[in-house]
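Read through the structure below, which is laid out as structure tokens, and then see the notes.
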Amino acid sequence: MSEMPSTELSPAANRAVEAALGAGASAAEAYASRDTGREIRVHGGQVESLTAATQAGIGIRAGSGHGVGYASGTDLTEAGVTALAARAAEMAAVAEEDEYAAPPVPAEIEALPGLDSPSVGEWSAGQVADLALTVERTALAADPRVVGVETAVYADSTEQVAIASSTGIAASYEAANCFAYLQALAEGDGSRETGLGFGLARGPEDLDPEAIGAEGAARAVSMIGAGKPASRSCPVVLDPTVAASFAGLIGGALAARAVQRGRSPFAGRLGEEVASTTFALHDDGRDPAGAASAPFDGEGVPRRRIALIEGGKLQSFLYDTYTANREGTESTGSASRSGYRSLPSVSASNLIVAAGDLSTEALLREAGDGVFVTDVAGLHSGVNPVTGVFSVGASGRVISGGALAEPIREFTIAGELVAMLRAVAAAGSETRWVPFGGSVQTPPLLVSELSISGT
């Protein structure tokens, strides 16, 4: 699978640090990575496209006093790395001083086994194409009202990372992830509806293509004949895909960079009551099942589990080294990178919403009469980042007498993030990993009251 084994990334990172120091830098860090990914799209029982790509490179951050320079490239030969390191050191020497730009202090990194999956490399293109075709076939066979599949996709990736720094950080890991999804199309009552089915796993053998296809079909069919609900304030149950989108939004608002810029409804509220005691949110960069799990973050700081909201109170923000230095605290291991080309910035890893003890049916009974929201559109553009006030388009089902009733769409749900968290009355017992809003594990949530705007 690879023209350059991951074992060669660590020596390249070490060489880069030595070269940067040799070029006059007072501190240096090198982040080397290699990503291999493929994607298969199927349509009408045929493979529509197959793409595969590999990229490997190194990013070098050099310090000169409190000035920082960054250079990245794909040439991992000794000459290539030396030239890049010299460029980073040169940029650091002329960079503006920034008192908070100090490198992280090394800490012991505990190994995190089980992140890799041999099957990603072992499964042929034909095998994963069959998986995607099974997703499509299952959806089409599930119900006569399913008239087509807009798209069915399988994708996987393997990532190898090595980091080294002049402060003594030296670590590496390998991880794999894959997912499959489809959009099913259903027709009836003069309308055409879509439904999403998806699954996530480390390797393809852990995906269930039949379950993914059946989910897309069921969601599409359940929306046939959808109308608009009456405008009112009522209990709302958020299904896990919607709860995950809100959790991702909250995770972003708890990143120290947003808080320090005053662009978060949680700014200045550390230790305050911001949610009901039913709602708890953790960031866990070491969860064995989390797609964003790793033994260390984008700066080589150990990942760990962080209580963000617990016991109804705001317990912590997320910090990388820079934002922690600004606040006189320590990094929470929350530096993230989108690859070797990018500098680290603070963000959540795996956000985990605590499960409750009610089944989804019991949540609906608890709601009584209200709305079950299965999809929201434009969540990020529909939220004020400073106040947390939101108004977003939604679709779902009416809850009548504690049970699901007719489908509804083209309505909005509106509220304010902190008020919504305080109104979380119950959490479901069945959790699910969802790739919307990052990597999120969440159950369905019952919010005792939100504003619905329909007819």
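Simple scheme: letters A, B, ... for chains in structure tokens order, numbers from 1 for residues in each chain, numbers from 1 for ligands in the order shown.
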
For the contact check between range 242-268 of chain A and range 314-326 of chain A, emit one row per residue of range 242-268 of chain A within 10 Å, containing the shortest atom pair and the distance in Å rounded to one decimal, counting only C-alpha atoms, chain then rising number order, as a tab-separated table.
```
residue	atom	partner	partner_atom	distance
A:Gly251	CA	A:Leu318	CA	8.4
A:Gly252	CA	A:Leu318	CA	9.1
A:Ala253	CA	A:Phe317	CA	8.9
A:Leu254	CA	A:Phe317	CA	5.1
A:Ala255	CA	A:Leu318	CA	4.7
A:Ala256	CA	A:Tyr319	CA	5.5
A:Arg257	CA	A:Thr323	CA	6.3
A:Ala258	CA	A:Thr323	CA	10.0
A:Val259	CA	A:Phe317	CA	8.2
A:Gln260	CA	A:Thr323	CA	8.0
A:Phe266	CA	A:Leu314	CA	8.2
A:Ala267	CA	A:Phe317	CA	9.4
```

Go ahead and write the selection's residues with C-alpha atoms as a compact mmCIF listing (two decimals), in the first residue's frame.
```txt
# COMPACT_ATOMS: atom_id res chain seq x y z
CA GLY A 251 -17.83 21.74 21.09
CA GLY A 252 -16.75 24.50 18.71
CA ALA A 253 -18.07 27.16 21.09
CA LEU A 254 -16.03 25.58 23.93
CA ALA A 255 -12.74 25.86 22.00
CA ALA A 256 -10.59 28.43 23.80
CA ARG A 257 -9.85 30.38 20.61
CA ALA A 258 -13.56 31.19 20.13
CA VAL A 259 -13.96 31.95 23.84
CA GLN A 260 -10.90 34.26 23.96
CA PHE A 266 -20.00 30.23 26.97
CA ALA A 267 -17.37 32.98 27.35
```

Could you build a table of the residues in range 328-422 of chain A lying no more than 12 Å from range 99-123 of chain A, giving for each the nearest pair of atoms and their separation in Å rounded to one decimal place, using only C-alpha atoms, ordered by chain and ascending residue number, as a tab-separated table?
```
residue	atom	partner	partner_atom	distance
A:Gly328	CA	A:Tyr100	CA	9.5
A:Thr329	CA	A:Tyr100	CA	11.5
A:Glu330	CA	A:Pro104	CA	9.1
A:Ser331	CA	A:Pro104	CA	8.1
A:Thr332	CA	A:Pro104	CA	11.2
A:Gly333	CA	A:Pro104	CA	10.0
A:Ala335	CA	A:Pro104	CA	10.7
A:Pro344	CA	A:Pro103	CA	11.6
```

request  = From a DSSP pass on the backbone, collect the residues of range 3-221 of chain A flagged as strand (DSSP E) and hand them back as a PyMOL selection string.
outcome  = chain A and resi 27-43+46-64+67-73+146-165+170-188+191-201

ask   = Looking at A:Ala93, A:Ala355, A:Ala348, A:Ala211, which one is nearest to Ala243 in chain A, with distances taken over only C-alpha atoms?
value = A:Ala355

query = Which residues in range 115-196 of chain A does DSSP call alpha helix (DSSP H)? List them as a count of residues only.
reply = 23

message = Set the distance at 7 Å and use only C-alpha atoms: which residues neighbour range 23-39 of chain A once local chain neighbours fewer than 5 positions away are removed? I'd like the list as a ChimeraX atom specification.
response = /A:9,13,16-17,50-65,86,89,154-166,339-340
